[in-house]
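S.K.: So here's structure_24.pdb, just PDB, C-alpha atoms:
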MODEL        1
ATOM      1  CA  MET W   1     101.383  68.845  31.997
ATOM      2  CA  ALA W   2     100.800  69.747  28.365
ATOM      3  CA  ALA W   3     100.308  66.964  25.836
ATOM      4  CA  PRO W   4     103.222  66.118  23.534
ATOM      5  CA  SER W   5     103.215  67.686  20.123
ATOM      6  CA  GLN W   6     102.420  65.722  16.993
ATOM      7  CA  ASN W   7     106.050  65.655  15.836
ATOM      8  CA  GLY W   8     107.114  63.451  18.761
ATOM      9  CA  GLN W   9     109.538  61.230  16.824
ATOM     10  CA  LEU W  10     107.262  58.199  16.911
ATOM     11  CA  GLN W  11     109.649  56.516  14.508
ATOM     12  CA  SER W  12     112.114  55.980  17.371
ATOM     13  CA  PRO W  13     112.184  52.288  18.439
ATOM     14  CA  ILE W  14     112.089  53.123  22.148
ATOM     15  CA  VAL W  15     108.849  55.088  21.988
ATOM     16  CA  ARG W  16     107.131  52.195  20.195
ATOM     17  CA  LEU W  17     107.844  49.775  23.043
ATOM     18  CA  PRO W  18     105.125  48.804  25.549
ATOM     19  CA  ALA W  19     104.826  51.337  28.371
ATOM     20  CA  GLU W  20     106.029  48.920  31.068
ATOM     21  CA  ILE W  21     109.258  48.170  29.194
ATOM     22  CA  LYS W  22     109.844  51.825  28.377
ATOM     23  CA  HIS W  23     109.603  52.844  32.023
ATOM     24  CA  ILE W  24     112.095  50.141  33.009
ATOM     25  CA  ILE W  25     114.529  51.526  30.435
ATOM     26  CA  TYR W  26     113.900  55.094  31.571
ATOM     27  CA  GLY W  27     114.599  54.056  35.158
ATOM     28  CA  TYR W  28     118.017  52.674  34.235
ATOM     29  CA  CYS W  29     118.806  55.822  32.260
ATOM     30  CA  PHE W  30     117.910  58.011  35.233
ATOM     31  CA  ALA W  31     120.233  56.149  37.642
ATOM     32  CA  ALA W  32     123.642  57.810  38.079
ATOM     33  CA  ASP W  33     126.722  55.668  38.690
ATOM     34  CA  LYS W  34     127.769  57.740  41.715
ATOM     35  CA  PRO W  35     126.099  60.015  44.293
ATOM     36  CA  VAL W  36     124.738  63.301  42.983
ATOM     37  CA  LEU W  37     126.648  66.005  44.866
ATOM     38  CA  ASP W  38     124.684  69.048  46.081
ATOM     39  CA  PRO W  39     122.107  68.821  43.264
ATOM     40  CA  VAL W  40     120.663  72.055  41.932
ATOM     41  CA  ILE W  41     117.280  72.100  40.261
ATOM     42  CA  PRO W  42     117.141  74.244  37.093
ATOM     43  CA  CYS W  43     114.527  76.966  37.148
ATOM     44  CA  SER W  44     111.506  76.253  34.997
ATOM     45  CA  PRO W  45     110.845  78.583  32.067
ATOM     46  CA  PRO W  46     108.046  81.119  32.560
ATOM     47  CA  ASN W  47     104.521  79.709  32.256
ATOM     48  CA  HIS W  48     105.883  76.157  32.237
ATOM     49  CA  ASN W  49     103.745  73.730  34.237
ATOM     50  CA  ALA W  50     106.211  70.840  34.363
ATOM     51  CA  PRO W  51     107.944  70.158  37.704
ATOM     52  CA  PRO W  52     111.572  71.279  38.014
ATOM     53  CA  LEU W  53     113.998  68.485  37.147
ATOM     54  CA  LEU W  54     117.639  67.581  37.342
ATOM     55  CA  SER W  55     119.447  67.881  34.038
ATOM     56  CA  ILE W  56     118.794  64.443  32.535
ATOM     57  CA  PRO W  57     120.000  64.009  28.910
ATOM     58  CA  LEU W  58     117.298  61.464  28.085
ATOM     59  CA  LEU W  59     114.574  64.043  28.653
ATOM     60  CA  HIS W  60     116.078  66.260  25.963
ATOM     61  CA  THR W  61     116.072  63.661  23.193
ATOM     62  CA  CYS W  62     112.493  64.210  22.027
ATOM     63  CA  ARG W  63     109.172  65.642  23.161
ATOM     64  CA  THR W  64     107.473  62.264  23.476
ATOM     65  CA  ILE W  65     110.002  60.938  25.983
ATOM     66  CA  TYR W  66     110.040  64.254  27.820
ATOM     67  CA  HIS W  67     106.302  64.103  28.424
ATOM     68  CA  GLU W  68     105.780  60.391  29.052
ATOM     69  CA  ALA W  69     108.818  59.490  31.201
ATOM     70  CA  ASP W  70     108.033  58.917  34.878
ATOM     71  CA  ARG W  71     110.294  61.382  36.682
ATOM     72  CA  ARG W  72     109.895  59.713  40.072
ATOM     73  CA  ALA W  73     112.660  57.269  39.135
ATOM     74  CA  ILE W  74     115.117  60.183  39.011
ATOM     75  CA  PHE W  75     114.694  60.615  42.745
ATOM     76  CA  SER W  76     114.109  57.030  43.864
ATOM     77  CA  ARG W  77     117.050  55.451  41.999
ATOM     78  CA  ASN W  78     119.815  57.892  42.949
ATOM     79  CA  THR W  79     121.849  58.765  46.021
ATOM     80  CA  PHE W  80     121.867  62.491  46.770
ATOM     81  CA  ARG W  81     124.911  63.789  48.634
ATOM     82  CA  PHE W  82     124.779  67.056  50.582
ATOM     83  CA  THR W  83     127.568  69.057  52.224
ATOM     84  CA  THR W  84     125.345  71.481  54.177
ATOM     85  CA  VAL W  85     121.832  71.528  55.575
ATOM     86  CA  ASP W  86     121.049  74.564  53.432
ATOM     87  CA  ARG W  87     121.860  72.626  50.243
ATOM     88  CA  ALA W  88     119.638  69.758  51.341
ATOM     89  CA  ARG W  89     116.696  71.941  52.304
ATOM     90  CA  SER W  90     116.896  73.960  49.081
ATOM     91  CA  PHE W  91     116.838  70.759  47.047
ATOM     92  CA  PHE W  92     113.742  69.392  48.771
ATOM     93  CA  ALA W  93     111.979  72.745  48.577
ATOM     94  CA  ASP W  94     112.652  72.929  44.829
ATOM     95  CA  ILE W  95     111.436  69.432  43.943
ATOM     96  CA  GLY W  96     108.251  69.674  46.019
ATOM     97  CA  ASP W  97     106.436  67.221  48.259
ATOM     98  CA  MET W  98     105.594  64.634  45.598
ATOM     99  CA  TYR W  99     109.186  64.093  44.487
ATOM    100  CA  SER W 100     110.626  64.539  47.995
ATOM    101  CA  ALA W 101     108.669  61.463  49.054
ATOM    102  CA  CYS W 102     110.433  59.502  46.292
ATOM    103  CA  VAL W 103     113.936  60.172  47.628
ATOM    104  CA  HIS W 104     115.123  56.968  49.318
ATOM    105  CA  ASP W 105     118.899  57.365  49.616
ATOM    106  CA  ILE W 106     120.744  60.367  51.081
ATOM    107  CA  GLU W 107     124.406  60.890  51.912
ATOM    108  CA  ILE W 108     125.738  63.537  54.277
ATOM    109  CA  ASP W 109     129.275  64.594  53.370
ATOM    110  CA  ALA W 110     131.331  65.820  56.333
ATOM    111  CA  ARG W 111     133.971  67.587  54.238
ATOM    112  CA  ARG W 112     132.799  71.091  55.224
ATOM    113  CA  LEU W 113     132.914  70.543  58.968
ATOM    114  CA  HIS W 114     135.271  72.985  60.668
ATOM    115  CA  CYS W 115     136.154  73.803  64.263
ATOM    116  CA  ASP W 116     135.967  77.527  63.451
ATOM    117  CA  HIS W 117     132.444  77.137  62.039
ATOM    118  CA  PRO W 118     130.556  75.088  64.643
ATOM    119  CA  SER W 119     127.236  76.182  63.165
ATOM    120  CA  ILE W 120     127.670  73.610  60.369
ATOM    121  CA  SER W 121     127.847  70.777  62.897
ATOM    122  CA  ARG W 122     124.968  72.168  64.948
ATOM    123  CA  GLU W 123     122.741  72.478  61.890
ATOM    124  CA  TRP W 124     123.331  68.849  60.929
ATOM    125  CA  LEU W 125     122.551  67.684  64.462
ATOM    126  CA  HIS W 126     119.289  69.632  64.525
ATOM    127  CA  TYR W 127     118.358  68.498  61.024
ATOM    128  CA  LEU W 128     118.893  64.853  61.978
ATOM    129  CA  ALA W 129     117.088  65.155  65.310
ATOM    130  CA  TRP W 130     113.859  64.035  63.620
ATOM    131  CA  GLY W 131     112.134  67.369  64.283
ATOM    132  CA  GLY W 132     110.764  69.046  67.378
ATOM    133  CA  GLY W 133     111.701  72.134  69.360
ATOM    134  CA  THR W 134     112.344  75.702  68.265
ATOM    135  CA  TRP W 135     115.369  74.845  66.133
ATOM    136  CA  GLY W 136     113.459  71.995  64.550
ATOM    137  CA  LYS W 137     110.791  74.420  63.390
ATOM    138  CA  LEU W 138     113.350  76.875  62.030
ATOM    139  CA  LEU W 139     115.645  74.368  60.315
ATOM    140  CA  GLY W 140     113.111  71.682  59.555
ATOM    141  CA  SER W 141     114.137  68.049  59.745
ATOM    142  CA  LEU W 142     115.270  65.350  57.376
ATOM    143  CA  ARG W 143     112.334  63.229  58.443
ATOM    144  CA  ALA W 144     109.886  65.914  57.312
ATOM    145  CA  ASP W 145     111.775  66.777  54.122
ATOM    146  CA  SER W 146     112.269  63.155  53.024
ATOM    147  CA  PRO W 147     109.432  61.020  54.419
ATOM    148  CA  GLY W 148     110.311  58.111  52.121
ATOM    149  CA  LEU W 149     113.941  57.885  53.246
ATOM    150  CA  LYS W 150     115.216  54.310  53.539
ATOM    151  CA  CYS W 151     119.009  54.625  53.439
ATOM    152  CA  LEU W 152     121.174  57.266  55.102
ATOM    153  CA  ARG W 153     124.940  57.491  54.610
ATOM    154  CA  LEU W 154     127.314  59.501  56.801
ATOM    155  CA  ASN W 155     130.518  60.113  54.846
ATOM    156  CA  PHE W 156     133.564  60.797  57.027
ATOM    157  CA  GLU W 157     136.237  59.593  54.597
ATOM    158  CA  SER W 158     137.607  63.145  54.335
ATOM    159  CA  TRP W 159     138.462  63.242  58.058
ATOM    160  CA  PRO W 160     142.225  63.846  57.463
ATOM    161  CA  SER W 161     141.391  67.261  55.986
ATOM    162  CA  ILE W 162     138.689  68.220  58.507
ATOM    163  CA  PRO W 163     140.139  70.728  61.005
ATOM    164  CA  MET W 164     138.628  69.233  64.159
ATOM    165  CA  PHE W 165     140.033  67.251  67.072
ATOM    166  CA  ARG W 166     139.506  63.507  66.766
ATOM    167  CA  VAL W 167     137.440  63.288  69.942
ATOM    168  CA  GLU W 168     135.270  66.184  68.787
ATOM    169  CA  LEU W 169     134.701  64.627  65.369
ATOM    170  CA  TRP W 170     133.972  61.193  66.857
ATOM    171  CA  ASN W 171     131.410  62.598  69.276
ATOM    172  CA  LEU W 172     129.762  64.468  66.417
ATOM    173  CA  LEU W 173     129.445  61.255  64.401
ATOM    174  CA  ARG W 174     127.947  59.459  67.396
ATOM    175  CA  SER W 175     125.539  62.334  68.037
ATOM    176  CA  MET W 176     124.366  62.382  64.424
ATOM    177  CA  LEU W 177     123.096  58.837  64.930
ATOM    178  CA  LEU W 178     121.407  59.487  68.256
ATOM    179  CA  HIS W 179     117.871  60.388  67.141
ATOM    180  CA  LEU W 180     117.619  58.520  63.840
ATOM    181  CA  GLU W 181     115.079  55.721  63.601
ATOM    182  CA  GLY W 182     113.007  53.645  61.210
ATOM    183  CA  LEU W 183     115.620  53.246  58.459
ATOM    184  CA  GLU W 184     116.251  50.177  56.327
ATOM    185  CA  ARG W 185     119.954  50.896  56.019
ATOM    186  CA  ILE W 186     122.510  53.121  57.740
ATOM    187  CA  VAL W 187     126.027  53.439  56.306
ATOM    188  CA  VAL W 188     129.072  55.156  57.809
ATOM    189  CA  ILE W 189     131.874  55.736  55.302
ATOM    190  CA  GLY W 190     135.499  56.047  56.365
ATOM    191  CA  ALA W 191     139.028  55.809  55.007
ATOM    192  CA  SER W 192     140.914  52.508  54.908
ATOM    193  CA  LYS W 193     144.185  52.723  52.989
ATOM    194  CA  GLY W 194     147.279  50.663  53.510
ATOM    195  CA  PRO W 195     147.862  47.176  54.928
ATOM    196  CA  ALA W 196     147.746  48.379  58.540
ATOM    197  CA  MET W 197     144.231  49.752  58.126
ATOM    198  CA  ALA W 198     143.073  46.545  56.428
ATOM    199  CA  THR W 199     143.833  44.573  59.592
ATOM    200  CA  ARG W 200     141.789  46.813  61.870
ATOM    201  CA  GLU W 201     138.263  45.934  62.909
ATOM    202  CA  PRO W 202     135.800  47.567  60.496
ATOM    203  CA  TRP W 203     134.063  49.468  63.327
ATOM    204  CA  SER W 204     137.276  50.908  64.760
ATOM    205  CA  PRO W 205     137.169  54.721  65.130
ATOM    206  CA  VAL W 206     140.520  54.853  63.353
ATOM    207  CA  HIS W 207     138.711  54.522  60.009
ATOM    208  CA  PHE W 208     136.424  57.475  60.651
ATOM    209  CA  VAL W 209     138.413  59.970  62.732
ATOM    210  CA  GLY W 210     142.014  58.724  62.589
ATOM    211  CA  GLY W 211     142.513  57.218  66.039
ATOM    212  CA  ASP W 212     140.982  54.819  68.520
ATOM    213  CA  ASP W 213     141.734  56.848  71.660
ATOM    214  CA  VAL W 214     138.514  58.838  71.327
ATOM    215  CA  GLY W 215     136.244  57.523  74.062
ATOM    216  CA  SER W 216     133.131  55.374  73.769
ATOM    217  CA  ASP W 217     133.363  52.597  71.200
ATOM    218  CA  ASP W 218     129.625  52.319  70.523
ATOM    219  CA  LEU W 219     129.327  53.156  66.831
ATOM    220  CA  VAL W 220     127.658  49.899  65.787
ATOM    221  CA  GLN W 221     125.278  49.994  68.747
ATOM    222  CA  ARG W 222     124.082  53.442  67.715
ATOM    223  CA  MET W 223     123.820  52.425  64.078
ATOM    224  CA  TRP W 224     121.858  49.327  65.065
ATOM    225  CA  ARG W 225     119.169  51.376  66.816
ATOM    226  CA  THR W 226     118.540  53.514  63.724
ATOM    227  CA  VAL W 227     117.412  50.528  61.630
ATOM    228  CA  ARG W 228     113.941  49.108  62.061
ATOM    229  CA  GLY W 229     113.115  45.520  62.912
ATOM    230  CA  PRO W 230     114.147  42.873  65.452
ATOM    231  CA  ASP W 231     117.768  41.869  65.938
ATOM    232  CA  ASP W 232     117.445  38.676  63.912
ATOM    233  CA  ALA W 233     116.178  40.660  60.898
ATOM    234  CA  LYS W 234     119.331  42.812  60.611
ATOM    235  CA  VAL W 235     123.046  42.314  60.005
ATOM    236  CA  VAL W 236     126.296  44.260  60.174
ATOM    237  CA  ARG W 237     128.125  44.486  56.840
ATOM    238  CA  TRP W 238     131.389  46.087  55.770
ATOM    239  CA  SER W 239     133.331  46.415  52.547
ATOM    240  CA  ARG W 240     136.583  48.068  51.510
ATOM    241  CA  SER W 241     137.185  49.480  48.047
ATOM    242  CA  ASN W 242     139.477  52.151  46.585
ATOM    243  CA  GLY W 243     140.713  53.286  49.975
ATOM    244  CA  THR W 244     137.298  53.644  51.586
ATOM    245  CA  LEU W 245     135.433  51.552  54.130
ATOM    246  CA  ASN W 246     131.659  51.203  54.160
ATOM    247  CA  LEU W 247     130.314  50.022  57.503
ATOM    248  CA  GLU W 248     126.582  49.455  57.617
ATOM    249  CA  VAL W 249     123.656  48.017  59.505
ATOM    250  CA  ILE W 250     120.934  46.845  57.165
ATOM    251  CA  THR W 251     117.796  44.746  57.212
ATOM    252  CA  LYS W 252     118.135  41.364  55.563
ATOM    253  CA  ALA W 253     115.149  42.118  53.346
ATOM    254  CA  TYR W 254     116.755  45.335  52.076
ATOM    255  CA  VAL W 255     120.027  43.529  51.316
ATOM    256  CA  VAL W 256     118.249  41.123  48.990
ATOM    257  CA  LYS W 257     115.957  43.722  47.455
ATOM    258  CA  MET W 258     118.360  46.611  46.873
ATOM    259  CA  VAL W 259     121.975  45.520  47.402
ATOM    260  CA  ASP W 260     122.633  41.874  46.539
ATOM    261  CA  GLU W 261     119.752  39.697  45.375
ATOM    262  CA  SER W 262     121.932  36.580  45.627
ATOM    263  CA  TRP W 263     122.708  37.161  49.314
ATOM    264  CA  VAL W 264     121.678  34.180  51.452
ATOM    265  CA  GLY W 265     122.831  35.208  54.927
ATOM    266  CA  PRO W 266     125.850  36.084  57.080
ATOM    267  CA  SER W 267     128.948  34.328  55.823
ATOM    268  CA  THR W 268     131.608  35.609  58.191
ATOM    269  CA  SER W 269     132.751  33.033  60.706
ATOM    270  CA  LYS W 270     135.337  34.424  63.104
ATOM    271  CA  GLY W 271     137.301  32.428  65.609
ATOM    272  CA  HIS W 272     138.345  34.112  68.832
ATOM    273  CA  THR W 273     141.929  34.418  67.634
ATOM    274  CA  ASP W 274     141.216  35.376  64.022
ATOM    275  CA  LYS W 275     141.250  38.813  62.446
ATOM    276  CA  TRP W 276     138.060  40.082  60.903
ATOM    277  CA  PRO W 277     138.192  39.811  57.088
ATOM    278  CA  GLU W 278     138.529  42.914  54.943
ATOM    279  CA  ASN W 279     134.955  42.456  53.686
ATOM    280  CA  GLY W 280     132.208  40.553  55.431
ATOM    281  CA  THR W 281     128.940  40.243  57.305
ATOM    282  CA  CYS W 282     128.123  39.315  60.872
ATOM    283  CA  THR W 283     125.093  38.990  63.099
ATOM    284  CA  TRP W 284     124.437  41.051  66.203
ATOM    285  CA  LEU W 285     125.407  38.100  68.380
ATOM    286  CA  GLU W 286     128.755  37.741  66.622
ATOM    287  CA  TYR W 287     129.393  41.440  67.038
ATOM    288  CA  GLU W 288     128.501  41.380  70.737
ATOM    289  CA  HIS W 289     131.007  38.594  71.368
ATOM    290  CA  ARG W 290     133.707  40.052  69.135
ATOM    291  CA  ASN W 291     136.198  40.544  71.964
ATOM    292  CA  SER W 292     135.715  37.253  73.754
ATOM    293  CA  HIS W 293     139.155  35.880  74.646
ATOM    294  CA  VAL W 294     140.779  38.399  72.304
ATOM    295  CA  VAL W 295     143.291  41.055  73.295
ATOM    296  CA  GLU W 296     143.121  43.861  70.761
ATOM    297  CA  SER W 297     146.230  45.845  69.950
ATOM    298  CA  THR W 298     145.961  49.614  69.947
ATOM    299  CA  ALA W 299     147.305  51.685  67.074
ATOM    300  CA  LYS W 300     146.662  55.362  67.597
ATOM    301  CA  GLY W 301     146.439  57.682  64.646
ATOM    302  CA  ILE W 302     147.068  55.323  61.753
ATOM    303  CA  ASN W 303     147.301  57.410  58.602
ATOM    304  CA  PRO W 304     144.708  56.194  56.044
ATOM    305  CA  SER W 305     146.430  58.110  53.267
ATOM    306  CA  ALA W 306     149.609  56.095  53.621
ATOM    307  CA  ALA W 307     150.774  54.294  50.511
ATOM    308  CA  GLU W 308     150.161  50.575  50.143
TER
ENDMDL
END
Write out the structure in this file as structure tokens.

M.R.:
Amino acid sequence: MAAPSQNGQLQSPIVRLPAEIKHIIYGYCFAADKPVLDPVIPCSPPNHNAPPLLSIPLLHTCRTIYHEADRRAIFSRNTFRFTTVDRARSFFADIGDMYSACVHDIEIDARRLHCDHPSISREWLHYLAWGGGTWGKLLGSLRADSPGLKCLRLNFESWPSIPMFRVELWNLLRSMLLHLEGLERIVVIGASKGPAMATREPWSPVHFVGGDDVGSDDLVQRMWRTVRGPDDAKVVRWSRSNGTLNLEVITKAYVVKMVDESWVGPSTSKGHTDKWPENGTCTWLEYEHRNSHVVESTAKGINPSAAE
């Protein structure tokens, strides 16, 4: 990378700060407040040796900041959301191996799934299969493209507008989790609008595909296997906000480090006759015994877009 020019606006207070403090500030500036949807990397000008970057306003303020800012924070501090495998692979190819290794948080958006275009579903399954086989060589794999991945999110909140049968969509979600491993956090995002949805168990298929008559109810079990570590080092968490439900399995260490530094442990205590709270945390043991002496009611096809 070329050295900054002499007119680098050294009079700016931020560039006169110690390097460690400046990089902390740059990191906060690089963090978006929501997932970056299908990011496109601008083409570099001819004969320009700098790596391609997302459009970050801070980098355009002056030459000094442009040259000294550590770009790795752009990729490590943001969630990148992709709607197709092609968009994901193009992004990783454009940023190169060094920055691909810095990407820690990826979200797969199911909005483009369609029964008339099964290739979209097949491509995601192959991409998440952690490599191997002929298709793995042709399509690549998320594991190879993002070796530093720690958190993966599967976003199915748009299920009401996805033209697929509930059973088909549910089996796809389950299959997407089948070969994943070694993560710190796995999140499945669904829809949870209206008082009826708020009373349903957070792992009910109704939040993710619109009904609970879809077959195997093993979502949490599959999520659990994707996260590294022994059972006592992980928890199940869920939260509802703005009509969405986030269900996740996460290591305790990652909760404290990246999600909630004040977290001290599972706080959800559920009696056999109590409903699960709208937001909470439970251990694997509590989840395993969730139905002890409880008769669950069945509500097929609750509409998550219903008004409160």

S.K.: Show which residues sit within 12 Å of segment 216-219 of chain W, as a PyMOL selection string. Count all atoms listed in the file, and ignore same-chain residues fewer than 3 positions away.

M.R.: chain W and resi 167+170-178+186-188+201-208+211-213+222-226+236+247-249+287-288

S.K.: Atom CA of Cys282 of chain W and atom CA of Arg185 of chain W are how many Å apart?

M.R.: 15.0 Å

S.K.: What is the distance between atom CA of Leu285 of chain W and atom CA of Leu180 of chain W, in Å to one decimal?

M.R.: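 Computing the Euclidean distance for atom CA of Leu285 of chain W and atom CA of Leu180 of chain W yields 22.3 Å.
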
S.K.: When the PyMOL selection byres ((chain W and resi 197) around 9) is applied to the file above, which residues end up in the set, as number ranges by chain?

M.R.: W: 191-196, 198-201, 206-207, 302-304

S.K.: Can you tell me, as a list in words, what residues are no more than 6 Å from Thr251 of chain W when counting all atoms listed in the file, ignoring any on the same chain fewer than 6 positions away?

M.R.: Glu184, Ala233 and Lys234 of chain W

S.K.: So that I can check the surroundings of segment 25-40 of chain W, please list as a list in words every protein, DNA and RNA residue that reaches within 6 Å of it, counting all atoms listed in the file and ignoring chain neighbours fewer than 6 positions away.

M.R.: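 Final neighbour list, sorted by chain and number: Ala73, Ile74, Arg77, Asn78, Thr79, Phe80, Arg81 and Phe82 of chain W.
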
S.K.: To one decimal place in Å, what is the distance between atom CA of Leu149 of chain W and atom CA of Asp86 of chain W?

M.R.: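 Separating atom CA of Leu149 of chain W from atom CA of Asp86 of chain W is a distance of 18.1 Å.
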
S.K.: Which is closest to Lys150 of chain W among W:Val227, W:Ile108, W:Ile95, W:Ile120, if we use all atoms listed in the file?

M.R.: W:Val227

S.K.: Let me make sure I understand: among W:Gly190, W:Arg111, W:Trp124, W:Glu168, which one has the smallest atom-to-atom distance to Thr244 of chain W if we use all atoms listed in the file?

M.R.: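 Nearest to Thr244 of chain W: W:Gly190.
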
S.K.: Could you spell out the hits of the PyMOL selection byres ((chain W and resi 281) around 8) on the shown file, as a ChimeraX atom specification?

M.R.: /W:235-238,266-268,279-280,282-283

S.K.: Check which residues satisfy the PyMOL selection byres ((chain W and resi 152) around 6) in the file shown, then give them as a list of chain:residue names.

M.R.: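 With the shown file as input, the PyMOL selection byres ((chain W and resi 152) around 6) matches W:Asp105, W:Ile106, W:Glu107, W:Cys151, W:Arg153, W:Ile186.
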
S.K.: Need the neighbours of (142.4, 47.4, 47.1): which residues are at most 9 Å away, counting all atoms listed in the file, as a compact mmCIF listing (two decimals) with C-alpha atoms, in the frame of the given file?

M.R.:
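Final output, point02.txt:
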# COMPACT_ATOMS: atom_id res chain seq x y z
CA LYS W 193 144.18 52.72 52.99
CA GLY W 194 147.28 50.66 53.51
CA ARG W 240 136.58 48.07 51.51
CA SER W 241 137.18 49.48 48.05
CA ASN W 242 139.48 52.15 46.58
CA GLY W 243 140.71 53.29 49.98
CA GLU W 308 150.16 50.58 50.14

S.K.: For Asp94 of chain W, which of W:Asp145, W:Thr61, W:Trp263, W:Val255 is the closest residue, counting all atoms listed in the file?

M.R.: W:Asp145

S.K.: Restricting the calculation to only C-alpha atoms: of W:Cys102, W:Met164, W:Ile250, W:Ile14, which residue gets closest to Asp231 of chain W?

M.R.: W:Ile250

S.K.: So, with all atoms listed in the file as the atoms that count, which of W:Thr64, W:Gly148, W:Trp130, W:Ile162 lies closest to Asp109 of chain W?

M.R.: W:Ile162
